[in-house]
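Quick look at data-v9.txt (compact mmCIF, C-alpha atoms):
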```txt
# COMPACT_ATOMS: atom_id res chain seq x y z
CA MET A 1 110.76 121.98 99.27
CA LYS A 2 111.25 120.69 95.72
CA LEU A 3 109.65 117.50 94.38
CA ILE A 4 110.90 114.86 91.95
CA LEU A 5 107.78 112.99 90.80
CA HIS A 6 108.78 109.68 89.19
CA ILE A 7 105.77 108.30 87.27
CA GLY A 8 107.26 105.34 85.36
CA THR A 9 106.91 103.79 82.99
CA VAL A 10 106.54 100.17 84.08
CA LYS A 11 109.52 97.85 83.59
CA THR A 12 112.17 100.57 83.55
CA GLY A 13 113.92 99.69 86.82
CA THR A 14 111.27 101.32 88.99
CA THR A 15 111.00 98.58 91.62
CA THR A 16 114.76 98.38 92.12
CA ALA A 17 114.99 102.15 92.57
CA GLN A 18 112.03 102.22 94.96
CA ALA A 19 113.42 99.42 97.11
CA TRP A 20 116.76 101.23 97.42
CA LEU A 21 115.16 104.58 98.25
CA ALA A 22 112.86 102.97 100.84
CA GLY A 23 115.71 101.00 102.37
CA ASN A 24 117.80 104.17 102.77
CA ARG A 25 115.08 106.52 104.06
CA LYS A 26 116.90 107.42 107.27
CA SER A 27 120.21 108.14 105.55
CA LEU A 28 118.45 110.18 102.88
CA VAL A 29 116.70 112.36 105.48
CA GLU A 30 120.08 113.07 107.06
CA ARG A 31 121.06 114.51 103.67
CA GLY A 32 117.90 116.54 103.25
CA VAL A 33 116.01 114.10 101.01
CA TRP A 34 112.56 112.83 101.95
CA TYR A 35 111.25 109.58 100.45
CA PRO A 36 107.73 109.28 101.93
CA THR A 37 106.21 106.18 103.45
CA ALA A 38 102.95 104.71 102.12
CA PHE A 39 99.83 106.58 103.25
CA PRO A 40 97.90 105.17 104.94
CA ALA A 41 99.98 102.17 105.95
CA THR A 42 98.15 98.92 105.23
CA ASP A 43 98.97 95.23 105.03
CA ALA A 44 98.50 95.48 101.26
CA ARG A 45 101.41 97.91 101.09
CA PRO A 46 104.18 96.28 103.13
CA GLY A 47 107.26 98.39 103.61
CA GLY A 48 105.89 101.38 101.75
CA HIS A 49 108.35 101.00 98.86
CA ASN A 50 106.29 103.11 96.48
CA HIS A 51 103.53 105.69 96.65
CA PRO A 52 99.98 104.62 95.74
CA PHE A 53 98.72 107.51 97.87
CA ALA A 54 99.45 109.79 94.91
CA ILE A 55 96.61 107.99 93.13
CA ASP A 56 94.47 107.69 96.27
CA ILE A 57 94.24 111.46 96.66
CA VAL A 58 92.78 111.69 93.15
CA LEU A 59 90.70 108.54 92.72
CA SER A 60 89.85 107.06 96.13
CA PRO A 61 86.62 107.51 98.14
CA ASP A 62 86.55 110.51 100.45
CA HIS A 63 87.26 108.65 103.71
CA PHE A 64 90.30 106.88 102.29
CA ARG A 65 91.50 110.05 100.61
CA GLU A 66 91.25 111.99 103.86
CA ASN A 67 93.24 109.35 105.72
CA ALA A 68 95.96 109.51 103.08
CA LEU A 69 95.99 113.31 103.14
CA ALA A 70 96.22 113.48 106.93
CA ALA A 71 99.13 111.02 107.02
CA PHE A 72 100.92 112.87 104.21
CA ARG A 73 100.53 116.26 105.86
CA GLY A 74 101.83 114.93 109.16
CA GLU A 75 104.98 113.47 107.63
CA TYR A 76 105.43 116.51 105.38
CA ASP A 77 105.51 118.83 108.40
CA GLN A 78 107.89 116.48 110.20
CA MET A 79 110.29 116.37 107.25
CA ARG A 80 110.26 120.15 106.85
CA ARG A 81 111.24 120.50 110.49
CA ALA A 82 114.01 117.94 109.86
CA GLY A 83 115.43 120.23 107.20
CA CYS A 84 114.53 118.27 104.06
CA THR A 85 114.68 120.34 100.87
CA VAL A 86 113.91 117.62 98.29
CA CYS A 87 111.10 115.05 98.16
CA ILE A 88 110.95 112.03 95.84
CA ILE A 89 107.59 110.42 95.07
CA SER A 90 107.69 107.30 92.90
CA PHE A 91 104.85 105.16 91.55
CA GLU A 92 104.89 103.75 88.02
CA ASP A 93 101.11 103.25 87.90
CA LEU A 94 100.65 107.02 87.97
CA TYR A 95 101.64 107.20 84.32
CA PHE A 96 98.68 105.20 83.04
CA ARG A 97 96.11 105.10 85.85
CA LEU A 98 95.62 108.85 85.83
CA ALA A 99 93.95 108.41 82.48
CA SER A 100 92.58 111.90 81.87
CA ALA A 101 93.93 115.43 81.84
CA GLN A 102 91.52 116.25 84.70
CA MET A 103 93.01 113.53 86.93
CA VAL A 104 96.56 114.70 86.23
CA GLY A 105 95.45 118.28 86.85
CA ASP A 106 93.96 117.32 90.23
CA LEU A 107 97.25 115.76 91.28
CA ALA A 108 99.20 118.80 90.07
CA GLU A 109 96.94 121.13 92.05
CA PHE A 110 97.44 119.08 95.21
CA LEU A 111 101.24 118.92 94.88
CA ARG A 112 101.65 122.63 94.13
CA ALA A 113 100.16 123.40 97.54
CA TYR A 114 103.15 121.70 99.17
CA PHE A 115 106.11 122.01 96.79
CA GLU A 116 107.67 125.10 95.28
CA SER A 117 108.60 123.17 92.12
CA VAL A 118 107.73 119.77 90.65
CA GLU A 119 109.92 117.87 88.19
CA VAL A 120 108.05 114.98 86.55
CA VAL A 121 110.39 112.15 85.50
CA LEU A 122 109.41 109.53 82.95
CA TYR A 123 111.43 106.71 81.36
CA LEU A 124 110.50 105.22 77.98
CA ARG A 125 111.57 102.05 76.19
CA PRO A 126 110.32 100.36 73.00
CA GLN A 127 106.75 99.22 73.53
CA ILE A 128 107.29 95.57 72.64
CA ASP A 129 110.24 95.37 75.06
CA THR A 130 108.01 96.77 77.78
CA ALA A 131 105.16 94.43 76.85
CA VAL A 132 107.27 91.27 77.03
CA SER A 133 108.77 92.33 80.35
CA PHE A 134 105.40 93.51 81.69
CA ALA A 135 103.84 90.15 80.75
CA SER A 136 105.87 88.53 83.53
CA THR A 137 104.57 91.01 86.12
CA ALA A 138 101.01 90.78 84.82
CA SER A 139 101.17 86.99 85.00
CA LYS A 140 102.19 87.13 88.66
CA LEU A 141 99.15 89.35 89.24
CA GLY A 142 96.86 86.65 87.85
CA VAL A 143 96.41 88.05 84.32
CA ARG A 144 96.19 85.43 81.58
CA ILE A 145 99.05 85.90 79.11
CA ASP A 146 98.59 84.51 75.59
CA ARG A 147 98.46 85.71 71.99
CA SER A 148 95.28 87.69 72.59
CA TRP A 149 97.03 89.65 75.36
CA PHE A 150 99.56 90.92 72.83
CA HIS A 151 96.89 91.65 70.25
CA GLY A 152 94.47 93.35 72.65
CA GLN A 153 93.69 97.03 72.21
CA LYS A 154 92.48 98.27 75.59
CA HIS A 155 95.61 97.75 77.67
CA ASN A 156 97.84 98.59 74.73
CA ARG A 157 96.54 102.15 74.44
CA ALA A 158 96.40 102.77 78.18
CA VAL A 159 99.94 101.63 78.91
CA PHE A 160 101.87 101.94 75.67
CA ASP A 161 100.71 105.07 73.85
CA TYR A 162 103.46 107.27 75.26
CA ASN A 163 102.59 110.35 73.24
CA ALA A 164 98.99 110.50 74.49
CA ALA A 165 100.07 109.96 78.09
CA ILE A 166 102.76 112.62 77.95
CA GLU A 167 100.26 115.14 76.55
CA ARG A 168 98.12 114.58 79.68
CA TRP A 169 101.07 115.19 81.99
CA GLU A 170 102.19 118.24 80.04
CA SER A 171 98.71 119.74 80.38
CA GLY A 172 98.79 119.30 84.15
CA PHE A 173 102.38 120.17 85.03
CA GLY A 174 103.63 122.10 81.98
CA GLY A 175 105.96 120.75 79.33
CA GLU A 176 108.93 122.55 80.85
CA ASN A 177 108.54 120.47 84.03
CA LEU A 178 108.42 117.07 82.30
CA ARG A 179 111.71 115.20 81.78
CA CYS A 180 111.61 112.22 79.41
CA PHE A 181 114.50 109.76 79.51
CA ALA A 182 115.38 107.00 77.07
CA TYR A 183 115.67 103.71 78.95
CA LYS A 184 118.19 102.35 76.44
CA ARG A 185 120.46 105.39 76.50
CA ASP A 186 120.14 107.47 79.66
CA LEU A 187 121.13 106.88 83.26
CA PRO A 188 118.66 104.69 85.19
CA PHE A 189 116.38 106.61 87.54
CA LEU A 190 118.30 105.64 90.68
CA ASP A 191 121.61 106.72 89.17
CA TYR A 192 119.98 109.93 88.00
CA VAL A 193 118.81 110.68 91.56
CA ILE A 194 122.23 109.95 93.05
CA GLU A 195 123.98 112.16 90.50
CA HIS A 196 121.33 114.91 90.40
CA LEU A 197 121.34 115.28 94.19
CA SER A 198 125.13 114.81 94.54
CA LEU A 199 124.74 111.85 96.89
CA ASP A 200 127.73 109.70 97.87
CA ARG A 201 126.74 106.20 96.77
CA GLN A 202 129.19 104.60 99.18
CA SER A 203 127.33 106.11 102.14
CA PHE A 204 124.20 104.07 101.40
CA GLY A 205 123.15 100.45 101.24
CA PRO A 206 123.73 98.35 98.10
CA VAL A 207 121.44 98.31 95.07
CA GLU A 208 119.72 94.95 94.68
CA ASN A 209 117.78 93.97 91.59
CA GLN A 210 114.07 93.54 92.32
CA ASN A 211 110.98 92.14 90.61
CA LEU A 212 112.75 89.38 88.67
CA SER A 213 110.97 87.98 85.63
CA VAL A 214 109.57 84.47 85.44
CA GLY A 215 109.84 81.95 82.61
CA VAL A 216 107.20 80.38 80.40
CA ASN A 217 106.50 77.51 82.82
CA ILE A 218 105.47 79.91 85.61
CA ILE A 219 103.39 81.96 83.16
CA ALA A 220 101.70 78.73 82.03
CA LEU A 221 101.08 77.81 85.68
CA SER A 222 99.56 81.22 86.37
CA ASN A 223 97.32 80.83 83.31
CA VAL A 224 96.00 77.61 84.81
CA LEU A 225 95.60 78.82 88.39
CA GLN A 226 94.23 82.27 87.49
CA ILE A 227 95.24 83.68 90.88
CA PRO A 228 97.90 86.25 91.80
CA LEU A 229 101.30 84.74 92.50
CA PHE A 230 102.89 87.90 93.91
CA PHE A 231 101.91 86.78 97.42
CA SER A 232 104.61 84.10 97.19
CA GLU A 233 107.40 86.02 95.42
CA THR A 234 110.00 84.31 97.60
CA LEU A 235 108.51 80.90 96.82
CA LEU A 236 108.66 81.60 93.08
CA GLN A 237 112.40 82.09 93.30
CA HIS A 238 112.76 78.46 94.44
CA LEU A 239 110.80 76.97 91.57
CA PRO A 240 112.69 75.52 88.58
CA ARG A 241 113.77 78.09 86.01
CA SER A 242 112.45 77.80 82.48
CA ALA A 243 113.02 79.56 79.18
CA PRO A 244 112.04 83.23 79.05
CA LEU A 245 108.95 84.26 77.15
CA SER A 246 109.56 84.55 73.40
CA VAL A 247 106.79 86.03 71.28
CA GLY A 248 108.52 85.65 67.91
CA ILE A 249 109.30 88.27 65.29
CA ASP A 250 105.81 88.41 63.74
CA VAL A 251 103.99 89.18 66.99
CA ALA A 252 106.75 91.62 68.00
CA ARG A 253 106.58 93.61 64.76
CA ALA A 254 102.77 93.65 64.76
CA PHE A 255 102.68 94.93 68.34
CA GLN A 256 105.30 97.64 67.80
CA ALA A 257 103.69 98.79 64.54
CA LYS A 258 100.63 100.00 66.47
CA PHE A 259 102.72 102.83 67.91
CA THR A 260 104.80 103.89 64.92
CA GLU A 261 102.87 107.10 64.30
CA SER A 262 102.52 108.15 67.94
CA ASN A 263 106.23 107.47 68.56
CA ALA A 264 107.17 109.61 65.58
CA GLU A 265 104.97 112.43 66.86
CA LEU A 266 106.53 112.16 70.32
CA ALA A 267 110.06 112.32 68.86
CA ARG A 268 109.07 115.44 66.92
CA ARG A 269 107.74 117.13 70.05
CA HIS A 270 110.44 116.09 72.55
CA GLU A 271 114.07 116.68 71.74
CA THR A 272 115.23 114.38 74.55
CA ILE A 273 113.57 111.37 72.89
CA ARG A 274 114.80 110.15 69.52
CA LEU A 275 112.83 107.83 67.30
CA GLU A 276 115.59 105.21 67.56
CA ASP A 277 115.15 105.21 71.36
CA LEU A 278 111.77 103.57 70.76
CA GLU A 279 112.97 101.17 68.07
CA PRO A 280 113.52 97.62 69.39
CA ASP A 281 116.62 95.51 68.84
CA TRP A 282 114.84 93.13 66.49
CA SER A 283 117.50 90.44 66.91
CA ARG A 284 116.01 89.78 70.37
CA TYR A 285 112.85 88.50 68.70
CA GLU A 286 114.39 86.15 66.16
CA LEU A 287 114.05 83.12 68.47
CA PRO A 288 111.01 80.94 67.77
CA SER A 289 107.83 81.84 69.62
CA ASN A 290 106.95 79.76 72.69
CA LEU A 291 103.45 81.21 73.06
CA ASP A 292 102.07 77.73 72.30
CA GLU A 293 103.56 76.47 75.56
CA ILE A 294 101.74 79.00 77.73
CA GLU A 295 98.44 78.39 75.90
CA ARG A 296 98.58 74.60 76.22
CA GLU A 297 95.63 72.96 77.99
CA CYS A 298 96.21 71.26 81.36
CA ILE A 299 94.08 68.15 82.02
CA PHE A 300 94.24 68.62 85.81
CA ALA A 301 93.68 72.38 85.81
CA ASP A 302 90.50 72.21 87.94
CA GLU A 303 92.13 69.93 90.51
CA LEU A 304 95.21 72.15 90.71
CA LYS A 305 93.11 75.28 91.22
CA ALA A 306 91.11 73.56 93.97
CA LEU A 307 94.29 72.41 95.70
CA MET A 308 95.80 75.91 95.58
CA ARG A 309 92.56 77.34 96.96
CA VAL A 310 92.73 75.02 99.97
CA PHE A 311 96.40 75.83 100.57
CA SER A 312 95.80 79.58 100.28
CA ARG A 313 92.87 79.46 102.72
CA GLN A 314 94.98 77.43 105.15
CA LEU A 315 97.55 80.19 104.98
CA CYS A 316 94.77 82.70 105.75
CA LEU A 317 93.83 80.66 108.81
CA GLU A 318 97.43 80.73 110.07
CA ARG A 319 97.53 84.49 109.54
CA ALA A 320 94.25 84.87 111.43
CA ARG A 321 95.62 82.88 114.37
CA ASN A 322 98.78 84.98 114.42
CA ALA A 323 96.85 88.25 114.17
CA LEU A 324 94.56 87.29 117.05
CA ILE A 325 97.53 86.42 119.26
CA ARG A 326 99.14 89.76 118.44
CA ALA A 327 95.85 91.53 119.16
CA GLU A 328 95.63 89.88 122.58
CA LEU A 329 99.25 90.83 123.30
CA ALA A 330 98.63 94.45 122.32
CA LYS A 331 95.55 94.49 124.56
CA ALA A 332 97.58 93.19 127.51
CA GLN A 333 100.17 95.91 126.89
CA GLY A 334 97.52 98.61 126.89
CA LYS A 335 97.94 99.38 123.18
CA GLY A 336 94.28 99.77 122.27
CA ARG A 337 94.64 101.02 118.69
CA ALA A 338 97.16 98.30 117.81
CA ALA A 339 94.88 95.68 119.36
CA ILE A 340 91.93 96.82 117.23
CA ALA A 341 94.05 96.92 114.07
CA MET A 342 95.31 93.38 114.57
CA ALA A 343 91.85 92.12 115.52
CA ASN A 344 90.49 93.58 112.27
CA ARG A 345 93.22 91.78 110.39
CA ALA A 346 92.27 88.55 112.15
CA LEU A 347 88.66 89.09 111.06
CA THR A 348 89.67 89.62 107.44
CA GLU A 349 91.90 86.55 107.28
CA ALA A 350 89.42 84.37 109.14
CA ASN A 351 86.67 85.38 106.73
CA ARG A 352 88.83 84.21 103.83
CA ALA A 353 89.67 80.96 105.59
CA SER A 354 86.00 80.23 106.30
CA GLN A 355 85.37 79.86 102.57
CA VAL A 356 86.77 76.32 102.82
CA GLU A 357 84.51 74.00 104.85
CA VAL A 358 87.28 72.20 106.75
CA PHE A 359 88.54 75.54 108.19
CA ARG A 360 85.14 77.11 108.88
CA TRP A 361 84.67 76.12 112.53
CA GLU A 362 88.01 77.46 113.72
CA ALA A 363 87.70 80.55 111.50
CA GLU A 364 84.34 81.40 113.07
CA LYS A 365 85.80 81.04 116.58
CA ILE A 366 88.59 83.46 115.67
CA GLN A 367 86.00 85.88 114.27
CA GLU A 368 84.00 85.72 117.50
CA ALA A 369 87.09 86.37 119.64
CA ALA A 370 88.30 89.22 117.40
CA THR A 371 84.85 90.86 117.34
CA ALA A 372 84.61 90.69 121.13
CA LEU A 373 88.09 92.19 121.51
CA ILE A 374 87.24 95.08 119.15
CA ALA A 375 84.01 95.79 121.04
CA LEU A 376 85.84 95.77 124.36
CA GLN A 377 88.66 98.06 123.20
CA THR A 378 86.28 100.43 121.44
CA GLY A 379 84.15 100.64 124.58
CA GLU A 380 87.17 101.38 126.78
CA ALA A 381 88.32 104.05 124.32
CA SER A 382 84.92 105.77 124.40
CA LEU A 383 84.89 105.72 128.21
CA GLY A 384 88.41 107.16 128.28
```
Take the structure I supplied and represent it as structure tokens, if you would.
Amino acid sequence: MKLILHIGTVKTGTTTAQAWLAGNRKSLVERGVWYPTAFPATDARPGGHNHPFAIDIVLSPDHFRENALAAFRGEYDQMRRAGCTVCIISFEDLYFRLASAQMVGDLAEFLRAYFESVEVVLYLRPQIDTAVSFASTASKLGVRIDRSWFHGQKHNRAVFDYNAAIERWESGFGGENLRCFAYKRDLPFLDYVIEHLSLDRQSFGPVENQNLSVGVNIIALSNVLQIPLFFSETLLQHLPRSAPLSVGIDVARAFQAKFTESNAELARRHETIRLEDLEPDWSRYELPSNLDEIERECIFADELKALMRVFSRQLCLERARNALIRAELAKAQGKGRAAIAMANRALTEANRASQVEVFRWEAEKIQEAATALIALQTGEASLG
């Protein structure tokens, strides 16, 4: 089986491609293409659209790594029996989270045990374009976005020094197996897959744009709340739209200038990437900066954060109730493992809810019931 390993970078259409590939898994398998699920499946990875397990097998503690490996091996064997000849693994965090040649080498060693060839695919766009787009995602994750974020050094080098990152991946997989694409010029990753594998686009579901950006008002709100907003992605779509983030020409040029030398070196080393591919369209940055708006102080910031904390813990309580009901239903149906899994979820959510005094009594009752159910099911399993 051959592997296409899509490692990023961020903000190059990765989420849209992953959603389409995940949504068409069954049809792809019928055509010999395997797009793995998330290993192991967890509530933090709903739907399994992308593949954090590729990082887990390198960086995670042994017990988690072994769970991921076991799940991967099981599905790998199943897909081989189904006749799959191509696998696609996609996770944009791979590009920067495997931050050393040793980490990349460990992943390469693992993958070579399963795949006869590995093609590493990487898309690049001008750094300032990526930074402005990535600011929206980072904001939804609870990161404070302001002038200092664009002037910071740590995240800049980790995410945006393409030449250094590509050297790591070349050392692990070999330069001949690394394909660099220009985001501004080349086919998007999804179109590349469809064309490269000779897939009939009309035989699959539609492509829907994912991970839409947010405007300055939502970024300002996130700066005040300092909590992740990804949990309510659907809710965000119903909030009023505001102007997109504009950093201004001075910030844009200063940010991009940090990578002039490394970009030039990359263009010299890789014939598929031209220096102009990494040069921004400066006219996009001629609008006045609105960074002042997202840095503005909010006089009721503390009250707003407290209110959101209560609402979020109330949501946890509702999830705990639901999980306990599902655990009881699974128990009644004789599904012991499912009952334990849902009871554990009820425990987790109830623990979060108990952090607010008004929800503590009910949260503790749910914890007691979930703990008793786990003990009962575990005891029955050991007797069986």
Given only C-alpha atoms, how would the per-residue table for segment 81-139 of chain A near segment 160-166 of chain A read, listing every residue at most 8 Å away with its closest atom pair and distance in Å to one decimal, sorted by chain and number, as a tab-separated table?
```
residue	atom	partner	partner_atom	distance
A:Tyr95	CA	A:Ala165	CA	7.0
A:Phe96	CA	A:Ala165	CA	7.0
A:Ala99	CA	A:Ala165	CA	7.7
A:Leu124	CA	A:Tyr162	CA	7.8
A:Gln127	CA	A:Phe160	CA	6.0
```
Residue among A:Ala138, A:Ala264, A:Leu28, A:Ile145 lying closest to Glu276 of chain A, counting only C-alpha atoms: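 Nearest to Glu276 of chain A: A:Ala264.
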Fewer than 2 positions away in the same chain doesn't count, so skip those; otherwise give me all residues within 12 Å of Gly8 of chain A, counting only C-alpha atoms, as number ranges by chain. A: 5-6, 10-15, 17-18, 50-51, 89-97, 120-125, 130, 159-160, 162, 165-166, 179-183, 188-189
Rank A:Glu208, A:Glu119, A:Glu66, A:Glu265 by their smallest atom-to-atom distance to Gly23 of chain A, using all atoms listed in the file, and report the top residue only. A:Glu208
Who sits within 12 Å of Lys335 of chain A, only C-alpha atoms, same chain under 6 positions skipped, as a list of chain:residue names: A:Arg326, A:Ala327, A:Glu328, A:Leu329, A:Ala341, A:Met342, A:Gln377, A:Thr378, A:Glu380, A:Ala381
With only C-alpha atoms as the atoms that count, which of A:Val104, A:Ala19, A:Ala339, A:Ala71 lies nearest to Gly48 of chain A?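 The answer is A:Ala19, which sits nearest to Gly48 of chain A.
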Option closest in space to Arg25 of chain A, from A:Ile273, A:Val251, A:Met79, A:Ala332 [counting only C-alpha atoms]: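 Result for the nearest residue to Arg25 of chain A: A:Met79.
One distance worth recording is that between atom CA of Ser246 of chain A and atom CA of Leu141 of chain A, which is 19.6 Å.
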